[in-house]
Structures are given as C-alpha cells and as structure tokens.
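Asker: Provided herewith is a single structure, encoded as structure tokens, for subsequent inquiry.
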Amino acid sequence: MGAKTVNKLAVPGATLHYEVTGSGPVLLLIAGGGTDAGVFSGMVGQLAAEYTVVTYDPRGNSRSRYDGDATDERVKQSAEDALALIDAVGGPSGEPAYVFGTSSGAITGLELITRFPDRVRMLVAHEPPCTEVLPDADDARAFFGEVYETYRTDGLTAADVVFMMGTGMDGDAMPPLEDLLPEYRELAERMQANAANFYEHKLLPFTRYEPDLDALKRVADRIVPAAGLDSHPHLPGRPIEVIANHLGWPVVLFPGGHGGYSSHPGPFATHLAHLLKTDTV
C-alpha cells in the first residue's frame, strides 16, 4: 500500500479536502450525510492494495469548507465535485473510475453516472435515500419534513432522535465519545459539528432527489444496487430495491446496516473488492 497523501481541490463555492492512498485504477469512495473521509478509514488499507483509493469530505462537511455562507445542497453540484476529484486524480482524459457511494453519497453517484457516464467504470450505489421513487413517497417526504422542522424548532438532539428512530438507525448510535479511540473520537466530533449543516442544507435536497431511471437503465450494466443485510427493509434501504427492479438487477447485500462500511470494514471491503472484480469493461 502506498502512503496516504492529503490534498485540497478548489471547486466552485468550496475547497474539498481529499485523501489518496495506494495505486492502480481509481476508486472513489463517496461518504454520505454529515460524515467525511474518515468513515472509510477501516477499509482504505485493504482496498489500496489494488486501487488508487480516493476519499473526501463532501462540501460543507468537516475540512471541506464553503467559500462563503452555507447554501442548500444541489445534487448536480455534488456530482460535479465528484467528477472534479476523478479528473484531479486520474486526469481529464484518464481511465473512468470505480465509484462506491453510500447514503446521500450514493445519490451523488447516481447523478454522476447519469450525467457523466463515460467517467464511471462501475458504480456501487449503497442505500441511496432517494425516497421519491417509493410507492409511499408521500409518507417518506412527510417524515423527512418532520425531521427538518424538529431540527428548526427543537434543535439537534431532538432531530437526531426522530431521524434515527424513523430510519431504523437507532441501533447504530455511537458509544459515548470518551469510550472511543482517539481517531474515532475525532471523527465523531467532526460528525457532530456537521450535523446542523446536514439538517439545514442537505437532508431535504438529497431525500427529494428524483433519479432519472431511464438514463440509469441505459448504463445498467455498470451499476450495482446495494444495501445492508441488516438495514435493507428500513427507509434508507428501500429506494434501491425500486431502482434495482427498474434496472433488472437484484440488490447485492453487504455486511451490517446503513453504516456497514464503518461497523464491518474488513468484510465490507472484501465484498466490495470482489464486486469490482466482476467488471468486464
């Protein structure tokens, strides 16, 4: 495994913090919600044996600062950020990248392959919470609206409770900060600091994203729909089943729940590496 390099990339409206480890084909890992590059730290070493692994803090999260005041997320801009990173690491005329996205990062991946299909070799889309595709989309929209209003009126802690209970992630809560190893404590503190921006500017734009299912079907041979073994029946895991049915593929189940990449990093990375090997392009 090569040494990790830490880099900055200026993009319209923000400066992205990104980290590159290893060598080989580019594999971009896109974090979701209020998380950052650190959530993949348990997988990077294993994957970097065969890939140039790129992780980053999505704009507005942790070390990826907005240039000015925070603004509501635009999924198109998020996809352009991912493309800019692929170009920065592989060069604009380089090979297309492998992409793994989870949660809102999977939504970014769906938009990326929709708009720039020639730049993505394979997309593994893990539990994108684009609930507008669900038959009960009205209920999901109302739920996320309730989370947002709870944040606005009652604050972060109350919003966290509503969000975790309604998404089936209440069992995923982290241990108290003082019980964590130093590197995980730093990650948890960064995620806590990102929470307000997530509720204010990211929750609704991402969950109300409507994927272009016909465009995705045109590149179905390069999309792996994925969900957590423990979480696929819950709200964030359900939309990928609808998308998978449209693409004509089964959903591939990964170890753990919505955050399985962090809770089960070794088996998760093994499963991901095996999937990437099925690429025949």
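Each chain in the structure tokens gets a letter, A, B, ..., in the order shown, and its residues are numbered from 1; ligands are numbered from 1 in order too.
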Can you list, as a PyMOL selection string, every protein, DNA or RNA residue that comes within 8 Å of range 60-69 of chain A when you count only C-alpha atoms, leaving out same-chain residues fewer than 2 positions away?

Answerer: chain A and resi 13-17+34-36+57-58+71+190-191+193-194+197

Asker: With all heavy atoms retained, write the just-selected residues as a short mmCIF file (atom, residue, chain, number, x, y, z; two decimals), in the first residue's frame.

Answerer:
data_model
loop_
_atom_site.label_atom_id
_atom_site.label_comp_id
_atom_site.auth_asym_id
_atom_site.auth_seq_id
_atom_site.Cartn_x
_atom_site.Cartn_y
_atom_site.Cartn_z
N GLY A 13 -17.41 27.39 -5.25
CA GLY A 13 -18.12 27.58 -3.99
C GLY A 13 -17.54 26.87 -2.79
O GLY A 13 -18.06 27.01 -1.69
N ALA A 14 -16.47 26.10 -2.99
CA ALA A 14 -15.91 25.35 -1.86
C ALA A 14 -14.49 24.91 -2.17
O ALA A 14 -14.02 24.99 -3.31
CB ALA A 14 -16.78 24.13 -1.55
N THR A 15 -13.80 24.42 -1.14
CA THR A 15 -12.50 23.78 -1.30
C THR A 15 -12.60 22.41 -0.66
O THR A 15 -12.90 22.28 0.53
CB THR A 15 -11.38 24.61 -0.64
OG1 THR A 15 -11.34 25.90 -1.25
CG2 THR A 15 -10.03 23.93 -0.82
N LEU A 16 -12.36 21.37 -1.46
CA LEU A 16 -12.55 20.00 -0.99
C LEU A 16 -11.26 19.44 -0.38
O LEU A 16 -10.18 19.58 -0.96
CB LEU A 16 -12.97 19.09 -2.15
CG LEU A 16 -14.26 19.47 -2.89
CD1 LEU A 16 -14.50 18.49 -4.04
CD2 LEU A 16 -15.45 19.49 -1.94
N HIS A 17 -11.40 18.79 0.77
CA HIS A 17 -10.33 18.02 1.39
C HIS A 17 -10.44 16.60 0.86
O HIS A 17 -11.49 15.96 0.98
CB HIS A 17 -10.50 18.03 2.91
CG HIS A 17 -9.66 17.04 3.65
ND1 HIS A 17 -8.49 17.40 4.29
CD2 HIS A 17 -9.81 15.70 3.85
CE1 HIS A 17 -7.96 16.31 4.85
NE2 HIS A 17 -8.74 15.27 4.60
N GLY A 34 -23.70 13.71 7.16
CA GLY A 34 -22.77 14.62 7.80
C GLY A 34 -21.42 13.98 8.06
O GLY A 34 -20.66 14.44 8.91
N THR A 35 -21.11 12.89 7.33
CA THR A 35 -19.85 12.18 7.56
C THR A 35 -18.77 12.71 6.63
O THR A 35 -18.99 13.63 5.85
CB THR A 35 -20.02 10.66 7.37
OG1 THR A 35 -20.23 10.36 5.99
CG2 THR A 35 -21.19 10.13 8.20
N ASP A 36 -17.58 12.10 6.72
CA ASP A 36 -16.47 12.57 5.88
C ASP A 36 -15.56 11.40 5.54
O ASP A 36 -15.90 10.24 5.80
CB ASP A 36 -15.72 13.72 6.55
CG ASP A 36 -15.05 13.35 7.87
OD1 ASP A 36 -14.58 12.21 8.01
OD2 ASP A 36 -14.99 14.22 8.77
N ASP A 57 -14.03 14.71 2.04
CA ASP A 57 -15.11 15.29 2.84
C ASP A 57 -16.04 16.02 1.86
O ASP A 57 -15.60 16.95 1.19
CB ASP A 57 -14.57 16.31 3.85
CG ASP A 57 -13.60 15.69 4.85
OD1 ASP A 57 -13.41 14.46 4.84
OD2 ASP A 57 -13.02 16.46 5.65
N PRO A 58 -17.31 15.60 1.73
CA PRO A 58 -18.22 16.34 0.85
C PRO A 58 -18.30 17.82 1.25
O PRO A 58 -18.09 18.17 2.42
CB PRO A 58 -19.57 15.64 1.07
CG PRO A 58 -19.19 14.25 1.50
CD PRO A 58 -17.95 14.43 2.33
N THR A 71 -25.06 27.15 1.78
CA THR A 71 -26.26 27.21 0.96
C THR A 71 -26.82 25.80 0.81
O THR A 71 -26.11 24.82 1.05
CB THR A 71 -25.96 27.76 -0.46
OG1 THR A 71 -24.93 26.96 -1.06
CG2 THR A 71 -25.51 29.21 -0.39
N ARG A 190 -16.15 15.54 14.57
CA ARG A 190 -16.37 16.22 13.29
C ARG A 190 -17.80 16.01 12.80
O ARG A 190 -18.46 16.94 12.31
CB ARG A 190 -15.38 15.73 12.23
CG ARG A 190 -13.94 16.13 12.45
CD ARG A 190 -13.11 16.01 11.19
NE ARG A 190 -13.15 14.72 10.55
CZ ARG A 190 -12.31 13.71 10.76
NH1 ARG A 190 -11.33 13.85 11.65
NH2 ARG A 190 -12.42 12.58 10.09
N MET A 191 -18.31 14.78 12.95
CA MET A 191 -19.67 14.49 12.51
C MET A 191 -20.70 15.27 13.32
O MET A 191 -21.67 15.78 12.77
CB MET A 191 -19.93 12.98 12.58
CG MET A 191 -19.19 12.21 11.50
SD MET A 191 -19.20 10.41 11.74
CE MET A 191 -20.95 10.07 11.82
N ALA A 193 -20.17 18.13 14.65
CA ALA A 193 -20.06 19.53 14.20
C ALA A 193 -20.73 19.74 12.84
O ALA A 193 -21.13 20.85 12.51
CB ALA A 193 -18.59 19.93 14.13
N ASN A 194 -20.88 18.66 12.06
CA ASN A 194 -21.52 18.76 10.74
C ASN A 194 -23.03 18.63 10.80
O ASN A 194 -23.72 18.90 9.80
CB ASN A 194 -21.01 17.65 9.81
CG ASN A 194 -19.53 17.77 9.47
OD1 ASN A 194 -18.97 18.86 9.50
ND2 ASN A 194 -18.92 16.65 9.13
N ASN A 197 -25.48 21.58 9.74
CA ASN A 197 -25.44 21.86 8.31
C ASN A 197 -26.15 20.76 7.51
O ASN A 197 -26.82 21.03 6.50
CB ASN A 197 -23.99 22.00 7.84
CG ASN A 197 -23.90 22.51 6.41
OD1 ASN A 197 -24.36 23.60 6.10
ND2 ASN A 197 -23.32 21.70 5.54
#

Asker: Return the single residue from A:Ala10, A:Leu213, A:Ala31, A:Ala84 that is closest to Ala106 in chain A, with distances computed using only C-alpha atoms.

Answerer: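 Checking each candidate against Ala106 in chain A, we get A:Ala31 as the closest.
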
Asker: DSSP on the backbone, then: every residue of range 31-248 of chain A marked strand (DSSP E), written as a list in words.

Answerer: Thr52, Val53, Val54, Thr55, Tyr56, Arg65, Tyr66, Ala97, Tyr98, Val99, Phe100, Gly101, Thr102, Val120, Arg121, Met122, Leu123, Val124, Ala125, His126, Ile223, Val224, Pro225, Ala226, Ala227 and Gly228 of chain A

Asker: Taking C-alpha atoms for each residue, export the selection above as a CSV table (one decimal), in the first residue's frame.

Answerer:
chain,number,residue,atom,x,y,z
A,52,THR,CA,-5.8,4.3,-6.0
A,53,VAL,CA,-8.4,4.9,-3.3
A,54,VAL,CA,-9.7,8.5,-3.1
A,55,THR,CA,-11.8,9.6,-0.1
A,56,TYR,CA,-13.0,13.1,0.6
A,65,ARG,CA,-15.1,24.5,3.7
A,66,TYR,CA,-17.6,26.6,1.8
A,97,ALA,CA,-13.1,5.5,-12.2
A,98,TYR,CA,-14.8,2.9,-10.0
A,99,VAL,CA,-17.2,4.6,-7.6
A,100,PHE,CA,-18.7,3.5,-4.3
A,101,GLY,CA,-21.3,5.8,-2.8
A,102,THR,CA,-23.3,5.3,0.4
A,120,VAL,CA,-17.6,5.9,-14.3
A,121,ARG,CA,-16.4,2.4,-14.9
A,122,MET,CA,-18.7,0.9,-12.2
A,123,LEU,CA,-20.9,2.4,-9.6
A,124,VAL,CA,-21.8,0.6,-6.4
A,125,ALA,CA,-24.8,2.5,-5.0
A,126,HIS,CA,-25.3,1.6,-1.3
A,223,ILE,CA,-24.5,-0.1,-11.7
A,224,VAL,CA,-24.5,-2.4,-8.7
A,225,PRO,CA,-27.5,-1.7,-6.5
A,226,ALA,CA,-26.5,-2.4,-2.9
A,227,ALA,CA,-27.9,-2.4,0.6
A,228,GLY,CA,-27.1,-3.5,4.1

Asker: Neighbouring residues of range 202-210 of chain A were defined as those with any atom within 10 Å, considering only C-alpha atoms; residues of the same chain fewer than 4 positions away were excluded. Please report them as an NGL selection string.

Answerer: :A and (32-34 or 60 or 71-75 or 103-105 or 107-108 or 111 or 128-133 or 137 or 140-141 or 144-145 or 147-148 or 195-198 or 236)

Asker: Atoms to include: C-alpha atoms. Write the selected residues as a PDB file, in the first residue's frame.

Answerer:
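Output contents, as saved in again_10.pdb:
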ATOM      1  CA  GLY A  32     -22.981  10.457   2.967  1.00  0.00           C
ATOM      2  CA  GLY A  33     -24.894  12.736   5.316  1.00  0.00           C
ATOM      3  CA  GLY A  34     -22.766  14.621   7.799  1.00  0.00           C
ATOM      4  CA  GLY A  60     -19.653  21.758   3.796  1.00  0.00           C
ATOM      5  CA  THR A  71     -26.261  27.214   0.956  1.00  0.00           C
ATOM      6  CA  ASP A  72     -28.692  24.406   0.246  1.00  0.00           C
ATOM      7  CA  GLU A  73     -27.041  21.445  -1.446  1.00  0.00           C
ATOM      8  CA  ARG A  74     -27.549  20.871  -5.158  1.00  0.00           C
ATOM      9  CA  VAL A  75     -27.116  17.239  -6.174  1.00  0.00           C
ATOM     10  CA  SER A 103     -26.441   7.124   1.536  1.00  0.00           C
ATOM     11  CA  SER A 104     -26.501  10.641   0.040  1.00  0.00           C
ATOM     12  CA  GLY A 105     -23.088   9.734  -1.429  1.00  0.00           C
ATOM     13  CA  ILE A 107     -27.273   9.714  -4.716  1.00  0.00           C
ATOM     14  CA  THR A 108     -24.217  11.712  -5.790  1.00  0.00           C
ATOM     15  CA  GLU A 111     -26.248  11.710 -10.605  1.00  0.00           C
ATOM     16  CA  PRO A 128     -29.339   5.998  -1.681  1.00  0.00           C
ATOM     17  CA  PRO A 129     -32.250   7.558   0.291  1.00  0.00           C
ATOM     18  CA  CYS A 130     -33.958   8.990  -2.817  1.00  0.00           C
ATOM     19  CA  THR A 131     -37.363   8.152  -1.413  1.00  0.00           C
ATOM     20  CA  GLU A 132     -39.322   9.862  -4.222  1.00  0.00           C
ATOM     21  CA  VAL A 133     -39.145   6.537  -6.134  1.00  0.00           C
ATOM     22  CA  ALA A 137     -43.127   8.612  -1.270  1.00  0.00           C
ATOM     23  CA  ALA A 140     -41.290   9.488   3.352  1.00  0.00           C
ATOM     24  CA  ARG A 141     -41.391  13.137   2.271  1.00  0.00           C
ATOM     25  CA  PHE A 144     -38.061  13.988   6.386  1.00  0.00           C
ATOM     26  CA  GLY A 145     -40.022  17.224   6.561  1.00  0.00           C
ATOM     27  CA  VAL A 147     -37.109  15.808  10.920  1.00  0.00           C
ATOM     28  CA  TYR A 148     -36.265  19.175   9.392  1.00  0.00           C
ATOM     29  CA  ALA A 195     -24.978  17.805  11.995  1.00  0.00           C
ATOM     30  CA  ALA A 196     -26.598  21.246  11.879  1.00  0.00           C
ATOM     31  CA  ASN A 197     -25.443  21.860   8.308  1.00  0.00           C
ATOM     32  CA  PHE A 198     -26.722  18.413   7.319  1.00  0.00           C
ATOM     33  CA  PRO A 236     -32.909   4.425   3.602  1.00  0.00           C
TER      34      PRO A 236
END

Asker: Could you tell me, as a count of residues only, which residues of range 7-151 of chain A DSSP assigns to helix (DSSP H, G or I) when given the backbone?

Answerer: 60
